[in-house]
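Peer 1: Here you go, run.json (JSON, C-alpha atoms and all ligand atoms):
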[["chain", "number", "residue", "atom", "x", "y", "z"],
["A", 1, "MET", "CA", 0.00, 0.00, 0.00],
["A", 2, "GLN", "CA", 1.26, 3.50, -0.73],
["A", 3, "ILE", "CA", 2.30, 5.64, 2.21],
["A", 4, "TYR", "CA", -0.63, 8.03, 1.68],
["A", 5, "ASP", "CA", -3.28, 5.32, 2.17],
["A", 6, "LEU", "CA", -1.53, 3.95, 5.26],
["A", 7, "LEU", "CA", -1.31, 7.39, 6.86],
["A", 8, "LYS", "CA", -4.94, 8.09, 6.00],
["A", 9, "GLN", "CA", -6.05, 4.84, 7.68],
["A", 10, "ASP", "CA", -4.28, 5.90, 10.88],
["A", 11, "HIS", "CA", -5.78, 9.39, 10.67],
["A", 12, "GLU", "CA", -9.28, 7.94, 10.42],
["A", 13, "GLU", "CA", -8.64, 5.70, 13.43],
["A", 14, "VAL", "CA", -7.40, 8.56, 15.62],
["A", 15, "LYS", "CA", -10.18, 10.88, 14.45],
["A", 16, "ALA", "CA", -12.83, 8.27, 15.31],
["A", 17, "LEU", "CA", -11.34, 7.81, 18.81],
["A", 18, "LEU", "CA", -11.29, 11.58, 19.35],
["A", 19, "THR", "CA", -14.88, 11.97, 18.20],
["A", 20, "GLU", "CA", -15.89, 9.24, 20.64],
["A", 21, "LEU", "CA", -13.93, 10.96, 23.41],
["A", 22, "VAL", "CA", -15.37, 14.45, 22.98],
["A", 23, "ASN", "CA", -18.89, 13.00, 22.89],
["A", 24, "LEU", "CA", -18.48, 11.39, 26.31],
["A", 25, "ALA", "CA", -19.86, 13.05, 29.42],
["A", 26, "GLU", "CA", -17.23, 14.60, 31.69],
["A", 27, "ASP", "CA", -17.97, 11.99, 34.40],
["A", 28, "ASP", "CA", -17.81, 8.95, 32.09],
["A", 29, "ASP", "CA", -14.81, 6.85, 33.23],
["A", 30, "TYR", "CA", -14.40, 5.39, 29.75],
["A", 31, "HIS", "CA", -12.51, 8.57, 28.83],
["A", 32, "SER", "CA", -9.36, 7.08, 30.45],
["A", 33, "VAL", "CA", -9.48, 4.08, 28.11],
["A", 34, "LEU", "CA", -9.94, 6.32, 25.06],
["A", 35, "ILE", "CA", -7.11, 8.67, 26.07],
["A", 36, "ASP", "CA", -4.77, 5.65, 26.37],
["A", 37, "GLN", "CA", -5.91, 4.35, 22.99],
["A", 38, "ILE", "CA", -5.37, 7.75, 21.37],
["A", 39, "ALA", "CA", -1.84, 8.00, 22.80],
["A", 40, "SER", "CA", -1.02, 4.43, 21.70],
["A", 41, "ALA", "CA", -2.17, 5.18, 18.16],
["A", 42, "LEU", "CA", -0.93, 8.74, 17.79],
["A", 43, "ILE", "CA", 2.65, 8.57, 19.12],
["A", 44, "PRO", "CA", 3.88, 5.61, 16.98],
["A", 45, "HIS", "CA", 2.08, 7.11, 13.97],
["A", 46, "SER", "CA", 3.78, 10.48, 14.37],
["A", 47, "ARG", "CA", 7.29, 9.12, 15.03],
["A", 48, "ALA", "CA", 7.13, 6.71, 12.08],
["A", 49, "GLU", "CA", 5.57, 9.35, 9.84],
["A", 50, "GLU", "CA", 8.37, 11.80, 10.68],
["A", 51, "SER", "CA", 11.15, 9.22, 10.29],
["A", 52, "VAL", "CA", 9.98, 7.61, 7.10],
["A", 53, "PHE", "CA", 7.86, 10.18, 5.26],
["A", 54, "TYR", "CA", 8.85, 13.66, 6.43],
["A", 55, "ASN", "CA", 12.57, 12.92, 6.59],
["A", 56, "THR", "CA", 12.61, 11.32, 3.14],
["A", 57, "ILE", "CA", 10.97, 14.46, 1.76],
["A", 58, "ARG", "CA", 13.50, 16.63, 3.63],
["A", 59, "ALA", "CA", 16.38, 14.56, 2.27],
["A", 60, "VAL", "CA", 15.39, 14.89, -1.39],
["A", 61, "ASP", "CA", 13.52, 18.21, -1.71],
["A", 62, "SER", "CA", 14.88, 21.66, -0.89],
["A", 63, "ASP", "CA", 11.34, 22.87, -0.11],
["A", 64, "THR", "CA", 11.02, 21.83, 3.54],
["A", 65, "GLY", "CA", 8.48, 24.44, 4.69],
["A", 66, "GLU", "CA", 5.40, 22.22, 4.85],
["A", 67, "VAL", "CA", 7.23, 19.35, 6.53],
["A", 68, "MET", "CA", 8.73, 21.61, 9.17],
["A", 69, "HIS", "CA", 5.28, 23.06, 9.79],
["A", 70, "GLY", "CA", 4.04, 19.47, 10.21],
["A", 71, "TYR", "CA", 6.71, 18.76, 12.87],
["A", 72, "LYS", "CA", 5.63, 21.87, 14.75],
["A", 73, "GLU", "CA", 2.02, 20.70, 14.74],
["A", 74, "HIS", "CA", 3.07, 17.24, 16.00],
["A", 75, "ILE", "CA", 4.84, 18.86, 18.94],
["A", 76, "GLU", "CA", 1.83, 21.07, 19.69],
["A", 77, "ALA", "CA", -0.63, 18.15, 19.51],
["A", 78, "GLU", "CA", 1.55, 15.96, 21.72],
["A", 79, "GLY", "CA", 1.83, 18.77, 24.26],
["A", 80, "ILE", "CA", -1.97, 18.87, 24.46],
["A", 81, "LEU", "CA", -2.08, 15.06, 24.68],
["A", 82, "ARG", "CA", 0.39, 15.06, 27.63],
["A", 83, "THR", "CA", -1.79, 17.65, 29.39],
["A", 84, "LEU", "CA", -4.84, 15.50, 28.75],
["A", 85, "GLN", "CA", -3.08, 12.43, 30.20],
["A", 86, "ALA", "CA", -2.03, 14.42, 33.27],
["A", 87, "LEU", "CA", -5.59, 15.71, 33.81],
["A", 88, "ASP", "CA", -6.87, 12.15, 33.53],
["A", 89, "LYS", "CA", -4.35, 10.77, 36.06],
["A", 90, "THR", "CA", -5.26, 13.48, 38.55],
["A", 91, "ASP", "CA", -9.02, 13.16, 38.03],
["A", 92, "MET", "CA", -9.36, 16.71, 36.79],
["A", 93, "SER", "CA", -11.71, 18.11, 34.18],
["A", 94, "TRP", "CA", -10.53, 16.80, 30.81],
["A", 95, "LYS", "CA", -13.23, 17.70, 28.28],
["A", 96, "ALA", "CA", -12.03, 21.15, 27.13],
["A", 97, "THR", "CA", -8.51, 19.79, 26.57],
["A", 98, "ALA", "CA", -9.89, 16.84, 24.59],
["A", 99, "VAL", "CA", -11.78, 19.30, 22.36],
["A", 100, "LYS", "CA", -8.56, 21.30, 21.92],
["A", 101, "LEU", "CA", -6.67, 18.16, 20.89],
["A", 102, "LYS", "CA", -9.39, 17.20, 18.42],
["A", 103, "GLU", "CA", -9.33, 20.66, 16.83],
["A", 104, "ALA", "CA", -5.52, 20.66, 16.60],
["A", 105, "LEU", "CA", -5.43, 17.22, 14.98],
["A", 106, "ASP", "CA", -8.33, 17.88, 12.62],
["A", 107, "HIS", "CA", -6.45, 20.94, 11.40],
["A", 108, "HIS", "CA", -3.14, 19.05, 11.12],
["A", 109, "VAL", "CA", -4.64, 16.12, 9.21],
["A", 110, "VAL", "CA", -6.35, 18.40, 6.67],
["A", 111, "GLU", "CA", -3.08, 20.22, 5.99],
["A", 112, "GLU", "CA", -1.01, 17.04, 5.92],
["A", 113, "GLU", "CA", -3.33, 15.19, 3.55],
["A", 114, "SER", "CA", -3.47, 18.18, 1.20],
["A", 115, "LYS", "CA", -0.12, 19.97, 1.24],
["A", 116, "ILE", "CA", 2.37, 17.29, 2.34],
["A", 117, "PHE", "CA", 0.69, 14.50, 0.39],
["A", 118, "ALA", "CA", 0.73, 16.76, -2.72],
["A", 119, "GLN", "CA", 4.45, 17.32, -2.22],
["A", 120, "GLY", "CA", 4.97, 13.56, -1.88],
["A", 121, "HIS", "CA", 3.05, 12.95, -5.11],
["A", 122, "ARG", "CA", 5.28, 15.49, -6.89],
["A", 123, "ILE", "CA", 8.49, 13.86, -5.64],
["A", 124, "PHE", "CA", 7.85, 10.10, -5.46],
["A", 125, "THR", "CA", 6.70, 7.59, -8.05],
["A", 126, "ALA", "CA", 3.90, 5.17, -7.12],
["A", 127, "GLU", "CA", 6.53, 2.45, -6.60],
["A", 128, "GLU", "CA", 8.58, 4.65, -4.29],
["A", 129, "ALA", "CA", 5.44, 5.56, -2.34],
["A", 130, "GLU", "CA", 4.86, 1.81, -1.87],
["A", 131, "SER", "CA", 8.40, 1.32, -0.53],
["A", 132, "ILE", "CA", 7.98, 4.25, 1.87],
["A", 133, "GLY", "CA", 4.71, 2.61, 2.94],
["A", 134, "GLU", "CA", 6.48, -0.67, 3.71],
["A", 135, "ALA", "CA", 9.13, 1.14, 5.74],
["A", 136, "PHE", "CA", 6.40, 2.99, 7.64],
["A", 137, "VAL", "CA", 4.60, -0.24, 8.60],
["A", 138, "GLU", "CA", 7.84, -1.86, 9.73],
["A", 139, "LEU", "CA", 9.02, 1.09, 11.80],
["A", 140, "LYS", "CA", 5.63, 1.77, 13.36],
["A", 141, "GLY", "CA", 5.45, -1.89, 14.44],
["A", 142, "LYS", "CA", 8.81, -1.58, 16.18],
["A", 143, "ILE", "CA", 7.79, 1.64, 17.93],
["A", 144, "VAL", "CA", 4.56, 0.02, 19.13],
["A", 145, "LEU", "CA", 6.56, -2.93, 20.52],
["A", 146, "GLN", "CA", 8.90, -0.66, 22.45],
["A", 147, "GLY", "CA", 5.91, 1.15, 23.94],
["A", 148, "GLY", "CA", 6.00, 4.46, 22.10],
["A", 149, "LEU", "CA", 9.16, 6.35, 22.89],
["A", 150, "ALA", "CA", 12.35, 4.65, 24.03],
["A", 151, "ASN", "CA", 13.53, 7.94, 25.50],
["A", 152, "THR", "CA", 13.31, 11.67, 24.91],
["A", 153, "PHE", "CA", 15.89, 11.55, 22.14],
["A", 154, "GLU", "CA", 13.26, 9.86, 20.01],
["A", 155, "LEU", "CA", 11.12, 12.97, 20.27],
["A", 156, "VAL", "CA", 13.74, 15.41, 19.04],
["A", 157, "LYS", "CA", 15.82, 13.33, 16.69],
["A", 158, "ASN", "CA", 13.44, 13.74, 13.77],
["A", 159, "LEU", "CA", 13.75, 17.50, 14.03],
["A", 160, "MET", "CA", 17.49, 17.38, 13.47],
["A", 161, "PRO", "CA", 19.05, 18.00, 10.08],
["A", 162, "PRO", "CA", 19.27, 14.69, 8.15],
["A", 163, "ARG", "CA", 23.09, 14.57, 8.61],
["A", 164, "LEU", "CA", 22.66, 14.39, 12.41],
["A", 165, "ILE", "CA", 19.77, 11.93, 12.63],
["A", 166, "ASN", "CA", 21.92, 8.78, 12.42],
["A", 167, "LYS", "CA", 24.34, 10.10, 15.02],
["A", 168, "LEU", "CA", 21.46, 10.81, 17.38],
["A", 169, "SER", "CA", 19.96, 7.37, 16.74],
["A", 170, "ASN", "CA", 23.28, 5.71, 17.64],
["A", 171, "PHE", "CA", 23.56, 7.82, 20.75],
["A", 172, "SER", "CA", 19.99, 7.03, 21.71],
["A", 173, "ALA", "CA", 20.49, 3.29, 21.18],
["A", 174, "SER", "CA", 23.70, 3.27, 23.25],
["A", 175, "GLY", "CA", 21.79, 4.49, 26.30],
["A", 176, "ARG", "CA", 24.73, 6.58, 27.35],
["A", 177, "SER", "CA", 24.68, 10.15, 28.51],
["A", 178, "GLY", "CA", 27.13, 12.99, 28.20],
["A", 179, "SER", "CA", 29.11, 13.46, 25.01],
["A", 180, "ALA", "CA", 30.03, 9.79, 24.47],
["A", 181, "GLY", "CA", 28.75, 8.37, 21.22],
["A", 182, "VAL", "CA", 27.70, 11.67, 19.65],
["B", 201, "FE", "FE", -0.26, 11.83, 10.00],
["B", 202, "FE", "FE", 1.29, 14.24, 10.97]]
Please express what this file holds, its structure, as structure tokens.
Ligand SMILES: [Fe+2]
Ligand SMILES: [Fe+2]
Peer 2:
Amino acid sequence: MQIYDLLKQDHEEVKALLTELVNLAEDDDYHSVLIDQIASALIPHSRAEESVFYNTIRAVDSDTGEVMHGYKEHIEAEGILRTLQALDKTDMSWKATAVKLKEALDHHVVEEESKIFAQGHRIFTAEEAESIGEAFVELKGKIVLQGGLANTFELVKNLMPPRLINKLSNFSASGRSGSAGV
């Protein structure tokens, strides 16, 4: 399957979970289950999307504006998600933050599926889009198995210039701190 269809499938899944969440009553305990499901779907999707799709675009096209805007929106959405998780853990009012997350992601998905997908279609052949799709499935599976993020390096490494990403990955995998391995 081409990368676009795979990403779209994930978007539909997360959007459906968010719609279910915002339609719950504030005192419905099922919101905790949905927030966990949203985090489990969204984080691996975003990391794999950045690594495989965004970074491939950045590596081959000098026009990086849309992709960098996409990264920024990932960071913003995940900030709202972390707040939502914290509100849930402390039994505080969660509904307004869930609505905020839904609005942020609805906006991001519309832009991604129009602007970034269009850029992908300009750059990649159908065959290449299939290969990127395969890489996305493989990487997302690994991220799911490791439980989302191995450490905080995973969150920032995709924002680095392509020449530094491998160095950061090696550093991250080594589990060392300080300057060793960088
Ligand atoms: Fe996406
Ligand atoms: Fe995205």
Peer 1: Taking all atoms listed in the file into account, name the residue in A:Leu139, A:Glu50, A:Gln119, A:His11 that is nearest to A:Ile75.
Peer 2: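 Result for the nearest residue to A:Ile75: A:Glu50.
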Peer 1: List every protein, DNA or RNA residue that has an atom no more than 10 Å from (7.7, 5.5, 0.6) in the file's coordinate frame, counting all atoms listed in the file, and report them as a list in words.
Peer 2: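 Residues found, by chain and rising number: Met1, Gln2, Ile3, Tyr4, Val52, Phe53, Thr56, Ile57, Gly120, Phe124, Thr125, Ala126, Glu127, Glu128, Ala129, Glu130, Ser131, Ile132, Gly133, Glu134, Ala135 and Phe136 of chain A.
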Peer 1: How would you report the residues lying within 12 Å of ligand FE 202 (chain B), as a PyMOL selection string, if you count all atoms listed in the file?
Peer 2: chain A and resi 4+7-8+10-11+14+42-54+66-78+104-117
Peer 1: Env of stretch 16-32 of chain A: 12 Å cut, atoms = only C-alpha atoms, seq-sep filter 2 positions within chain, self excluded. Answer as a PyMOL selection string.
Peer 2: chain A and resi 9-14+34-42+81+84-106
Peer 1: May I ask which of the residues A:Pro161, A:Glu138, A:Gly147, A:Leu6 is the closest one to ligand FE 201 (chain B), counting only C-alpha atoms and all ligand atoms?
Peer 2: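 The closest residue to ligand FE 201 (chain B) is A:Leu6.
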Peer 1: Taking only C-alpha atoms into account, name the residue in A:Met160, A:Gly79, A:Val144, A:Lys167 that is nearest to A:Ala59.
Peer 2: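 Smallest distance to A:Ala59 is found for A:Met160.
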Peer 1: Could you state the separation of atom CA of A:Lys15 and atom CA of A:Leu145 in Å, given to one decimal place?
Peer 2: 22.5 Å
Peer 1: One decimal, in Å: what's the spacing between atom CA of A:Val137 and atom CA of A:Asp5?
Peer 2: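 A separation of 11.6 Å between them.
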Peer 1: For the atom pair atom CA of A:Arg58 and atom CA of A:Lys140, what is the interatomic distance in Å to one decimal place?
Peer 2: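 Interatomic distance here is 19.4 Å.
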